[in-house]
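Participant: My structure is in data.cif, and what it holds is mmCIF, C-alpha atoms and all ligand atoms:
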```
data_final
loop_
_atom_site.group_PDB
_atom_site.id
_atom_site.type_symbol
_atom_site.label_atom_id
_atom_site.label_comp_id
_atom_site.auth_asym_id
_atom_site.auth_seq_id
_atom_site.Cartn_x
_atom_site.Cartn_y
_atom_site.Cartn_z
ATOM 1 C CA MET A 7 98.642 135.196 75.237
ATOM 2 C CA LYS A 8 100.621 137.295 77.578
ATOM 3 C CA ASP A 9 102.484 139.491 75.140
ATOM 4 C CA ILE A 10 102.673 140.695 71.554
ATOM 5 C CA SER A 11 105.660 138.554 70.647
ATOM 6 C CA TYR A 12 103.630 135.397 71.317
ATOM 7 C CA HIS A 13 100.757 136.701 69.214
ATOM 8 C CA ILE A 14 103.177 137.321 66.347
ATOM 9 C CA LEU A 15 104.530 133.788 66.559
ATOM 10 C CA ASP A 16 101.022 132.395 66.643
ATOM 11 C CA ILE A 17 99.663 134.402 63.703
ATOM 12 C CA ALA A 18 102.815 133.762 61.667
ATOM 13 C CA ARG A 19 102.370 130.030 62.283
ATOM 14 C CA ASN A 20 98.872 130.337 60.780
ATOM 15 C CA SER A 21 100.420 132.024 57.767
ATOM 16 C CA LEU A 22 103.019 129.292 57.324
ATOM 17 C CA ASN A 23 100.310 126.657 57.610
ATOM 18 C CA ALA A 24 98.425 128.512 54.887
ATOM 19 C CA GLY A 25 101.367 127.987 52.563
ATOM 20 C CA ALA A 26 102.959 131.412 52.930
ATOM 21 C CA ASN A 27 106.669 131.774 52.258
ATOM 22 C CA LEU A 28 106.808 135.506 52.801
ATOM 23 C CA ILE A 29 105.537 137.080 55.971
ATOM 24 C CA GLU A 30 105.761 140.790 56.601
ATOM 25 C CA ILE A 31 105.423 141.911 60.161
ATOM 26 C CA SER A 32 105.362 145.507 61.176
ATOM 27 C CA ILE A 33 104.998 147.278 64.476
ATOM 28 C CA THR A 34 104.431 151.011 64.522
ATOM 29 C CA GLU A 35 104.383 152.926 67.771
ATOM 30 C CA HIS A 36 103.323 156.503 68.347
ATOM 31 C CA ASN A 37 104.653 157.865 71.604
ATOM 32 C CA ASP A 38 102.280 160.811 71.762
ATOM 33 C CA THR A 39 99.013 158.941 71.339
ATOM 34 C CA GLY A 40 100.211 155.617 72.725
ATOM 35 C CA GLU A 41 98.931 153.793 69.683
ATOM 36 C CA LEU A 42 100.644 150.604 68.648
ATOM 37 C CA ILE A 43 99.740 149.070 65.321
ATOM 38 C CA LEU A 44 100.696 145.504 64.599
ATOM 39 C CA GLN A 45 100.388 144.241 61.036
ATOM 40 C CA ILE A 46 101.047 140.778 59.714
ATOM 41 C CA ARG A 47 100.759 140.231 56.001
ATOM 42 C CA ASP A 48 101.341 136.926 54.256
ATOM 43 C CA ASN A 49 101.205 135.479 50.774
ATOM 44 C CA GLY A 50 99.386 132.306 51.796
ATOM 45 C CA TYR A 51 96.150 130.800 50.504
ATOM 46 C CA GLY A 52 93.980 133.424 52.104
ATOM 47 C CA MET A 53 90.446 132.907 53.269
ATOM 48 C CA THR A 54 87.010 132.860 51.711
ATOM 49 C CA GLU A 55 84.501 135.480 52.740
ATOM 50 C CA ASP A 56 82.654 132.948 54.782
ATOM 51 C CA MET A 57 85.767 131.986 56.720
ATOM 52 C CA LEU A 58 86.596 135.651 57.200
ATOM 53 C CA LYS A 59 83.234 136.312 58.752
ATOM 54 C CA ARG A 60 83.636 133.601 61.308
ATOM 55 C CA ILE A 61 87.359 133.725 61.899
ATOM 56 C CA THR A 62 87.274 135.656 65.141
ATOM 57 C CA ASP A 63 84.643 133.389 66.589
ATOM 58 C CA PRO A 64 86.450 131.244 69.161
ATOM 59 C CA PHE A 65 84.354 128.223 68.293
ATOM 60 C CA PHE A 66 85.215 128.370 64.664
ATOM 61 C CA THR A 67 88.041 126.457 63.107
ATOM 62 C CA THR A 68 88.544 125.601 59.445
ATOM 63 C CA SER A 69 86.630 122.381 59.273
ATOM 64 C CA SER A 70 88.964 119.915 57.577
ATOM 65 C CA THR A 71 92.132 120.910 59.326
ATOM 66 C CA LYS A 72 92.459 122.262 62.811
ATOM 67 C CA LYS A 73 94.704 125.077 61.871
ATOM 68 C CA VAL A 74 93.134 128.344 62.751
ATOM 69 C CA GLY A 75 91.745 128.133 66.221
ATOM 70 C CA LEU A 76 91.958 130.402 69.185
ATOM 71 C CA GLY A 77 94.736 132.624 67.945
ATOM 72 C CA LEU A 78 92.817 135.399 66.230
ATOM 73 C CA PRO A 79 90.009 135.624 68.814
ATOM 74 C CA LEU A 80 92.661 136.024 71.523
ATOM 75 C CA LEU A 81 94.436 138.754 69.586
ATOM 76 C CA LYS A 82 91.123 140.506 69.042
ATOM 77 C CA GLN A 83 90.338 140.292 72.711
ATOM 78 C CA ASN A 84 93.713 141.651 73.802
ATOM 79 C CA ALA A 85 93.455 144.544 71.338
ATOM 80 C CA GLU A 86 89.889 145.375 72.330
ATOM 81 C CA LEU A 87 90.714 145.303 76.022
ATOM 82 C CA THR A 88 92.922 148.344 75.414
ATOM 83 C CA GLY A 89 90.221 150.120 73.425
ATOM 84 C CA GLY A 90 91.757 148.989 70.149
ATOM 85 C CA CYS A 91 90.499 146.657 67.463
ATOM 86 C CA LEU A 92 91.362 143.912 65.018
ATOM 87 C CA ARG A 93 90.873 143.864 61.279
ATOM 88 C CA ILE A 94 91.424 140.983 58.910
ATOM 89 C CA GLU A 95 91.524 141.294 55.163
ATOM 90 C CA SER A 96 92.045 138.319 52.969
ATOM 91 C CA GLU A 97 91.915 137.326 49.389
ATOM 92 C CA ARG A 98 91.789 133.750 48.229
ATOM 93 C CA ASN A 99 95.168 132.616 46.866
ATOM 94 C CA ARG A 100 96.736 135.998 47.471
ATOM 95 C CA GLY A 101 97.160 136.247 51.173
ATOM 96 C CA THR A 102 95.929 137.675 54.406
ATOM 97 C CA LEU A 103 96.536 140.899 56.268
ATOM 98 C CA VAL A 104 95.909 141.047 59.987
ATOM 99 C CA THR A 105 95.946 144.469 61.642
ATOM 100 C CA ALA A 106 95.645 144.978 65.372
ATOM 101 C CA LEU A 107 95.476 148.349 67.057
ATOM 102 C CA PHE A 108 96.448 148.645 70.706
ATOM 103 C CA HIS A 109 96.434 151.587 73.078
ATOM 104 C CA GLN A 110 99.634 151.325 75.047
ATOM 105 C CA PHE A 111 98.611 153.720 77.806
ATOM 106 C CA HIS A 112 95.663 151.546 78.700
ATOM 107 C CA ILE A 113 95.988 149.578 81.916
ATOM 108 C CA ASP A 114 95.204 146.321 80.107
ATOM 109 C CA MET A 115 97.965 146.756 77.533
ATOM 110 C CA ILE A 116 100.129 143.672 77.214
ATOM 111 C CA PRO A 117 103.921 144.009 76.968
ATOM 112 C CA GLU A 118 105.675 143.628 73.626
ATOM 113 C CA GLY A 119 107.566 140.625 74.920
ATOM 114 C CA ASP A 120 110.691 139.013 73.594
ATOM 115 C CA LEU A 121 110.400 139.841 69.917
ATOM 116 C CA ALA A 122 113.883 138.548 69.141
ATOM 117 C CA MET A 123 112.988 135.111 70.489
ATOM 118 C CA THR A 124 109.875 134.973 68.343
ATOM 119 C CA PHE A 125 111.845 135.694 65.183
ATOM 120 C CA ARG A 126 114.578 133.308 66.246
ATOM 121 C CA SER A 127 112.155 130.433 66.582
ATOM 122 C CA LEU A 128 110.317 131.254 63.346
ATOM 123 C CA ILE A 129 113.508 131.519 61.317
ATOM 124 C CA SER A 130 115.166 128.485 62.835
ATOM 125 C CA SER A 131 112.276 126.206 61.967
ATOM 126 C CA ASN A 132 111.433 127.829 58.632
ATOM 127 C CA PRO A 133 114.807 128.762 57.162
ATOM 128 C CA GLU A 134 113.437 128.694 53.619
ATOM 129 C CA SER A 135 110.678 131.210 54.268
ATOM 130 C CA ASP A 136 111.228 134.919 54.299
ATOM 131 C CA PHE A 137 110.371 137.277 57.101
ATOM 132 C CA LEU A 138 110.342 141.004 56.726
ATOM 133 C CA TYR A 139 110.120 142.715 60.081
ATOM 134 C CA ARG A 140 109.865 146.455 60.365
ATOM 135 C CA HIS A 141 109.653 148.301 63.646
ATOM 136 C CA ARG A 142 108.895 151.993 63.718
ATOM 137 C CA ALA A 143 108.866 154.328 66.674
ATOM 138 C CA ASP A 144 109.433 158.032 67.286
ATOM 139 C CA GLU A 145 113.135 157.323 67.756
ATOM 140 C CA GLY A 146 113.483 155.850 64.279
ATOM 141 C CA GLU A 147 112.963 152.540 62.562
ATOM 142 C CA PHE A 148 114.745 149.382 61.576
ATOM 143 C CA ILE A 149 114.130 146.505 59.218
ATOM 144 C CA LEU A 150 115.064 142.871 59.420
ATOM 145 C CA ASP A 151 114.818 141.332 55.983
ATOM 146 C CA THR A 152 115.760 137.668 55.825
ATOM 147 C CA ALA A 153 115.799 137.818 52.019
ATOM 148 C CA GLU A 154 118.601 140.348 52.245
ATOM 149 C CA ILE A 155 120.486 138.265 54.806
ATOM 150 C CA ARG A 156 120.038 135.201 52.636
ATOM 151 C CA ARG A 157 121.528 137.015 49.641
ATOM 152 C CA GLU A 158 124.501 138.169 51.656
ATOM 153 C CA LEU A 159 125.176 134.754 53.103
ATOM 154 C CA GLU A 160 125.073 133.036 49.721
ATOM 155 C CA GLY A 161 123.955 129.538 50.503
ATOM 156 C CA ILE A 162 124.533 129.404 54.219
ATOM 157 C CA SER A 163 121.346 128.268 55.884
ATOM 158 C CA LEU A 164 119.617 130.844 58.022
ATOM 159 C CA ASN A 165 119.202 128.328 60.792
ATOM 160 C CA ALA A 166 122.898 127.976 61.535
ATOM 161 C CA ARG A 167 123.222 128.972 65.160
ATOM 162 C CA GLU A 168 125.673 131.765 64.437
ATOM 163 C CA VAL A 169 123.190 133.306 62.018
ATOM 164 C CA LEU A 170 120.366 132.989 64.529
ATOM 165 C CA ASP A 171 122.582 134.630 67.165
ATOM 166 C CA TYR A 172 123.391 137.414 64.751
ATOM 167 C CA ILE A 173 119.711 138.022 64.013
ATOM 168 C CA THR A 174 118.806 137.927 67.700
ATOM 169 C CA ASP A 175 121.470 140.508 68.548
ATOM 170 C CA TYR A 176 120.480 142.644 65.610
ATOM 171 C CA ILE A 177 116.880 142.810 66.802
ATOM 172 C CA ARG A 178 117.794 143.311 70.465
ATOM 173 C CA GLU A 179 120.236 146.129 69.773
ATOM 174 C CA ASN A 180 117.878 147.923 67.455
ATOM 175 C CA LEU A 181 114.967 147.669 69.848
ATOM 176 C CA LYS A 182 117.214 149.186 72.457
ATOM 177 C CA ALA A 183 118.142 151.976 70.051
ATOM 178 C CA LEU A 184 114.442 152.633 69.513
ATOM 179 C CA LYS A 185 113.992 152.624 73.299
ATOM 180 C CA ILE A 186 111.488 149.825 73.154
ATOM 181 C CA LYS A 187 110.920 147.879 76.305
ATOM 182 C CA GLU A 188 110.503 144.255 75.444
ATOM 183 C CA MET A 189 109.260 142.741 78.635
ATOM 184 C CA MET B 7 120.195 158.301 70.415
ATOM 185 C CA THR B 8 121.967 155.014 69.925
ATOM 186 C CA LYS B 9 122.816 154.240 66.382
ATOM 187 C CA ILE B 10 120.585 151.811 64.600
ATOM 188 C CA LYS B 11 122.514 148.754 63.637
ATOM 189 C CA ASN B 12 122.578 147.715 60.029
ATOM 190 C CA LEU B 13 123.557 144.495 58.357
ATOM 191 C CA ALA B 14 127.052 145.705 57.472
ATOM 192 C CA ASP B 15 128.944 143.039 59.363
ATOM 193 C CA LEU B 16 127.182 140.179 57.616
ATOM 194 C CA ARG B 17 130.149 139.598 55.295
ATOM 195 C CA GLU B 18 132.356 138.914 58.230
ATOM 196 C CA LEU B 19 129.880 136.408 59.580
ATOM 197 C CA LYS B 20 129.722 134.714 56.224
ATOM 198 C CA ASP B 21 133.483 134.283 55.991
ATOM 199 C CA LYS B 22 133.589 132.941 59.492
ATOM 200 C CA LEU B 23 130.845 130.445 58.787
ATOM 201 C CA GLN B 24 132.241 129.263 55.506
ATOM 202 C CA SER B 25 135.493 128.319 57.118
ATOM 203 C CA LYS B 26 133.652 126.097 59.520
ATOM 204 C CA THR B 27 133.369 122.588 58.204
ATOM 205 C CA LYS B 28 130.433 121.647 60.331
ATOM 206 C CA LEU B 29 127.962 123.548 58.247
ATOM 207 C CA ARG B 30 126.927 120.722 56.038
ATOM 208 C CA ASP B 31 123.679 120.974 54.234
ATOM 209 C CA LYS B 32 121.246 119.334 56.558
ATOM 210 C CA SER B 33 118.803 118.487 53.820
ATOM 211 C CA GLU B 34 121.224 116.082 52.140
ATOM 212 C CA SER B 35 120.445 113.090 54.310
ATOM 213 C CA PRO B 36 117.520 113.995 56.499
ATOM 214 C CA ASP B 37 116.680 110.433 57.494
ATOM 215 C CA GLN B 38 120.090 110.077 59.087
ATOM 216 C CA LEU B 39 119.381 113.002 61.352
ATOM 217 C CA VAL B 40 117.542 113.239 64.589
ATOM 218 C CA GLN B 41 114.215 114.925 63.938
ATOM 219 C CA ILE B 42 112.489 116.955 66.569
ATOM 220 C CA LYS B 43 109.060 118.464 66.194
ATOM 221 C CA VAL B 44 107.876 120.978 68.709
ATOM 222 C CA ALA B 45 104.116 121.516 68.881
ATOM 223 C CA MET B 46 103.522 125.218 68.353
ATOM 224 C CA ALA B 47 99.778 125.849 68.254
ATOM 225 C CA THR B 48 98.178 128.718 70.137
ATOM 226 C CA CYS B 49 98.010 127.123 73.559
ATOM 227 C CA CYS B 50 101.399 125.457 73.191
ATOM 228 C CA ILE B 51 102.888 128.896 72.624
ATOM 229 C CA ALA B 52 101.106 130.177 75.711
ATOM 230 C CA SER B 53 102.549 127.329 77.731
ATOM 231 C CA GLY B 54 106.161 127.947 76.746
ATOM 232 C CA SER B 55 106.846 125.981 73.577
ATOM 233 C CA ARG B 56 108.789 128.857 72.047
ATOM 234 C CA GLU B 57 111.267 128.806 74.908
ATOM 235 C CA THR B 58 111.489 125.009 74.760
ATOM 236 C CA MET B 59 112.205 125.089 71.069
ATOM 237 C CA ASN B 60 114.874 127.762 71.234
ATOM 238 C CA TYR B 61 116.526 125.908 74.081
ATOM 239 C CA ILE B 62 116.580 122.637 72.149
ATOM 240 C CA VAL B 63 118.015 124.270 69.022
ATOM 241 C CA ASP B 64 120.814 125.907 70.998
ATOM 242 C CA GLU B 65 121.672 122.875 73.072
ATOM 243 C CA LEU B 66 121.804 120.486 70.119
ATOM 244 C CA ASP B 67 124.211 122.820 68.433
ATOM 245 C CA LYS B 68 126.387 123.221 71.517
ATOM 246 C CA ARG B 69 126.513 119.470 71.980
ATOM 247 C CA ASN B 70 127.295 118.870 68.320
ATOM 248 C CA ILE B 71 124.234 116.825 67.524
ATOM 249 C CA ASP B 72 123.009 117.066 63.961
ATOM 250 C CA ALA B 73 119.277 117.430 64.075
ATOM 251 C CA VAL B 74 116.385 119.069 62.323
ATOM 252 C CA VAL B 75 114.066 120.960 64.619
ATOM 253 C CA THR B 76 110.719 122.040 63.248
ATOM 254 C CA GLN B 77 107.461 123.427 64.531
ATOM 255 C CA THR B 78 104.255 121.535 64.129
ATOM 256 C CA GLY B 79 100.603 121.968 65.032
ATOM 257 C CA CYS B 80 98.714 120.577 67.979
ATOM 258 C CA MET B 81 99.579 116.914 68.507
ATOM 259 C CA GLY B 82 96.515 116.274 70.593
ATOM 260 C CA TYR B 83 98.198 116.096 73.991
ATOM 261 C CA CYS B 84 97.355 119.571 75.065
ATOM 262 C CA TYR B 85 97.189 118.499 78.710
ATOM 263 C CA ALA B 86 100.937 117.824 78.622
ATOM 264 C CA GLU B 87 102.180 120.941 76.849
ATOM 265 C CA PRO B 88 104.783 121.767 75.765
ATOM 266 C CA THR B 89 104.963 118.552 73.782
ATOM 267 C CA VAL B 90 107.843 117.422 71.615
ATOM 268 C CA GLU B 91 108.159 114.522 69.199
ATOM 269 C CA VAL B 92 111.597 112.992 68.798
ATOM 270 C CA ILE B 93 112.582 110.662 65.995
ATOM 271 C CA VAL B 94 115.980 109.064 66.332
ATOM 272 C CA PRO B 95 116.967 107.358 63.060
ATOM 273 C CA GLY B 96 115.970 103.726 63.131
ATOM 274 C CA LYS B 97 113.662 104.104 66.118
ATOM 275 C CA GLU B 98 109.972 104.697 66.599
ATOM 276 C CA PRO B 99 108.887 108.293 67.134
ATOM 277 C CA ILE B 100 108.408 109.187 70.782
ATOM 278 C CA VAL B 101 106.316 112.040 72.130
ATOM 279 C CA PHE B 102 107.418 113.701 75.334
ATOM 280 C CA GLY B 103 105.184 115.904 77.444
ATOM 281 C CA TYR B 104 105.801 118.800 79.827
ATOM 282 C CA VAL B 105 109.062 119.576 78.091
ATOM 283 C CA ASP B 106 110.686 122.492 79.863
ATOM 284 C CA ALA B 107 114.418 123.213 79.727
ATOM 285 C CA LYS B 108 115.201 120.601 82.367
ATOM 286 C CA ARG B 109 113.325 117.841 80.613
ATOM 287 C CA ALA B 110 114.678 118.910 77.230
ATOM 288 C CA ASP B 111 118.162 118.574 78.648
ATOM 289 C CA GLU B 112 117.387 115.029 79.803
ATOM 290 C CA ILE B 113 115.915 114.119 76.448
ATOM 291 C CA ILE B 114 119.028 115.293 74.660
ATOM 292 C CA GLU B 115 121.556 113.788 77.056
ATOM 293 C CA LYS B 116 119.869 110.534 77.996
ATOM 294 C CA TYR B 117 117.548 109.657 75.152
ATOM 295 C CA ILE B 118 119.180 111.115 72.044
ATOM 296 C CA LYS B 119 122.808 110.711 73.075
ATOM 297 C CA GLY B 120 122.556 107.803 75.476
ATOM 298 C CA GLY B 121 119.698 105.812 74.017
ATOM 299 C CA MET B 122 118.030 105.529 77.430
ATOM 300 C CA LEU B 123 114.390 106.173 78.113
ATOM 301 C CA VAL B 124 113.540 109.134 80.254
ATOM 302 C CA GLU B 125 110.492 110.370 82.096
ATOM 303 C CA GLY B 126 107.683 112.200 80.382
ATOM 304 C CA ILE B 127 106.964 109.850 77.513
ATOM 305 C CA ILE B 128 103.375 110.002 76.385
ATOM 306 C CA PRO B 129 102.353 106.417 75.747
ATOM 307 C CA VAL B 130 100.583 106.615 72.455
ATOM 308 C CA ASN B 131 99.670 105.218 69.198
ATOM 309 C CA TYR B 132 98.845 108.542 67.882
ATOM 310 C CA LYS B 133 97.630 109.950 64.623
ATOM 311 C CA LYS B 134 98.764 113.355 63.637
ATOM 312 C CA ILE B 135 96.096 115.997 63.446
ATOM 313 C CA ASP B 136 98.371 118.338 61.618
ATOM 314 C CA GLN B 137 98.873 117.391 57.941
HETATM 315 S S1 LIG A 201 97.317 123.068 71.422
HETATM 316 FE FE1 LIG A 201 99.242 122.645 72.233
HETATM 317 S S2 LIG A 201 99.409 120.492 72.120
HETATM 318 FE FE2 LIG A 201 97.388 120.914 71.570
#
```
Can you turn what I pasted into structure tokens?
Ligand code: FES
Facilitator:
Amino acid sequence: MKDISYHILDIARNSLNAGANLIEISITEHNDTGELILQIRDNGYGMTEDMLKRITDPFFTTSSTKKVGLGLPLLKQNAELTGGCLRIESERNRGTLVTALFHQFHIDMIPEGDLAMTFRSLISSNPESDFLYRHRADEGEFILDTAEIRRELEGISLNAREVLDYITDYIRENLKALKIKEM
Amino acid sequence: MTKIKNLADLRELKDKLQSKTKLRDKSESPDQLVQIKVAMATCCIASGSRETMNYIVDELDKRNIDAVVTQTGCMGYCYAEPTVEVIVPGKEPIVFGYVDAKRADEIIEKYIKGGMLVEGIIPVNYKKIDQ
């Protein structure tokens, strides 16, 4: 995976496959230390302890289905290459929380990528699910809450192109305001 | 510091959208619609399926084609990623491989709109791994 936006799409797809209909994604950046913390929390089926133990093993995949494969091991690897780490907490039938710590000043740090495009594709193919995206940096923070947008739009599907365009612009402009380089 | 944008102008968007007749509820008659499934597993994502999907969604809308575009897991043709399954109502599902923007454009114009076969079809009798 060449950037964080692809990792987010990938992990969120795992969550959706695990029956989640609410996915909270947060990115927190500290300019002084260069730390970037990525968290993805879902309300899906969660994992058993046994699955949890083996989940970052690249040769492990949940036996019956082929749903969780290379994604988490790759995220772990990319985080560890910067001197960071990956933590996964999960509770059966409650959900899963994936936390990755990156050190942005490290030479092996991957770019953040096109975050707006990741949310656009997630929302357009899962208009019934909710995504709560929060991005914090020294400059400030912003939140994209599809539940709030849904309430405002009263019955208009979130995957109408105008809505997707609106969301894309909203993310792009706010990332710019936070001085976050996407690519 | 640039001002952080909030959702204030959503109302405006809503009014604009409501006055547009084309926003029918797509779930009403899904079998009448073109269905497109874009494989979006880990390696598909790495090979550009996100870009393919966003392109397809935008182009269908611009060309006024009613379709449902969803993401799906690995379809088993990883060698030909990004892969896309297209179901035109009344026809057998077809899986296309190596779908970049150029091929997606052909699929929309020639296959979906024109009913002609185009390059990149994966000849299969496949079973879905996902589901
Ligand atoms: S993982 Fe992409 S098609 Fe198999």
Participant: Separation of CA of Ile177 in chain A and CA of Asp151 in chain A, in Å?
Facilitator: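 If I compute the distance from CA of Ile177 in chain A to CA of Asp151 in chain A, I get 11.1 Å.
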Participant: With the cut-off set at 6 Å and counting all atoms listed in the file, tabulate each residue of chain B with an atom at most that distance from an atom of ligand LIG 201 (chain A), showing the nearest atom pair and its distance in Å to one decimal, ordered by chain and increasing number, as JSON lines.
Facilitator:
```
{"residue": "B:Ala45", "atom": "CA", "partner": "A:LIG201", "partner_atom": "S2", "distance": 5.8}
{"residue": "B:Ala47", "atom": "CA", "partner": "A:LIG201", "partner_atom": "S1", "distance": 4.9}
{"residue": "B:Thr48", "atom": "CA", "partner": "A:LIG201", "partner_atom": "S1", "distance": 5.9}
{"residue": "B:Cys49", "atom": "CA", "partner": "A:LIG201", "partner_atom": "S1", "distance": 4.6}
{"residue": "B:Cys50", "atom": "CA", "partner": "A:LIG201", "partner_atom": "FE1", "distance": 3.7}
{"residue": "B:Cys80", "atom": "CA", "partner": "A:LIG201", "partner_atom": "FE2", "distance": 3.8}
{"residue": "B:Met81", "atom": "CA", "partner": "A:LIG201", "partner_atom": "S2", "distance": 5.1}
{"residue": "B:Gly82", "atom": "CA", "partner": "A:LIG201", "partner_atom": "FE2", "distance": 4.8}
{"residue": "B:Tyr83", "atom": "CA", "partner": "A:LIG201", "partner_atom": "S2", "distance": 4.9}
{"residue": "B:Cys84", "atom": "CA", "partner": "A:LIG201", "partner_atom": "S2", "distance": 3.7}
{"residue": "B:Glu87", "atom": "CA", "partner": "A:LIG201", "partner_atom": "S2", "distance": 5.5}
```
Participant: Within 6 Å of range 37-47 of chain A, counting all atoms listed in the file, which residues show up once you throw out same-chain ones fewer than 2 positions away? Write them as an MDAnalysis selection string, please.
Facilitator: chainID A and resid 29:35 102:111
Participant: Select, as a ChimeraX atom specification, those residues of chain A with any atom no more than 9 Å from chain B (distances computed using all atoms listed in the file).
Facilitator: /A:7-8,12-13,15-17,19-20,23,71-77,123-124,126-128,130-132,145-150,154-155,158-160,162-163,166-169,172,176-177,179-185
Participant: I'd like the residues picked by the PyMOL selection byres (((chain A and resi 28) around 7) and not hetatm) written out as a list of chain:residue names, using the chain letters and numbers from the file.
Facilitator: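 The output of the PyMOL selection byres (((chain A and resi 28) around 7) and not hetatm) on this file is A:Ala26, A:Asn27, A:Ile29, A:Glu30, A:Asp48, A:Asn49, A:Ser135, A:Asp136, A:Phe137.
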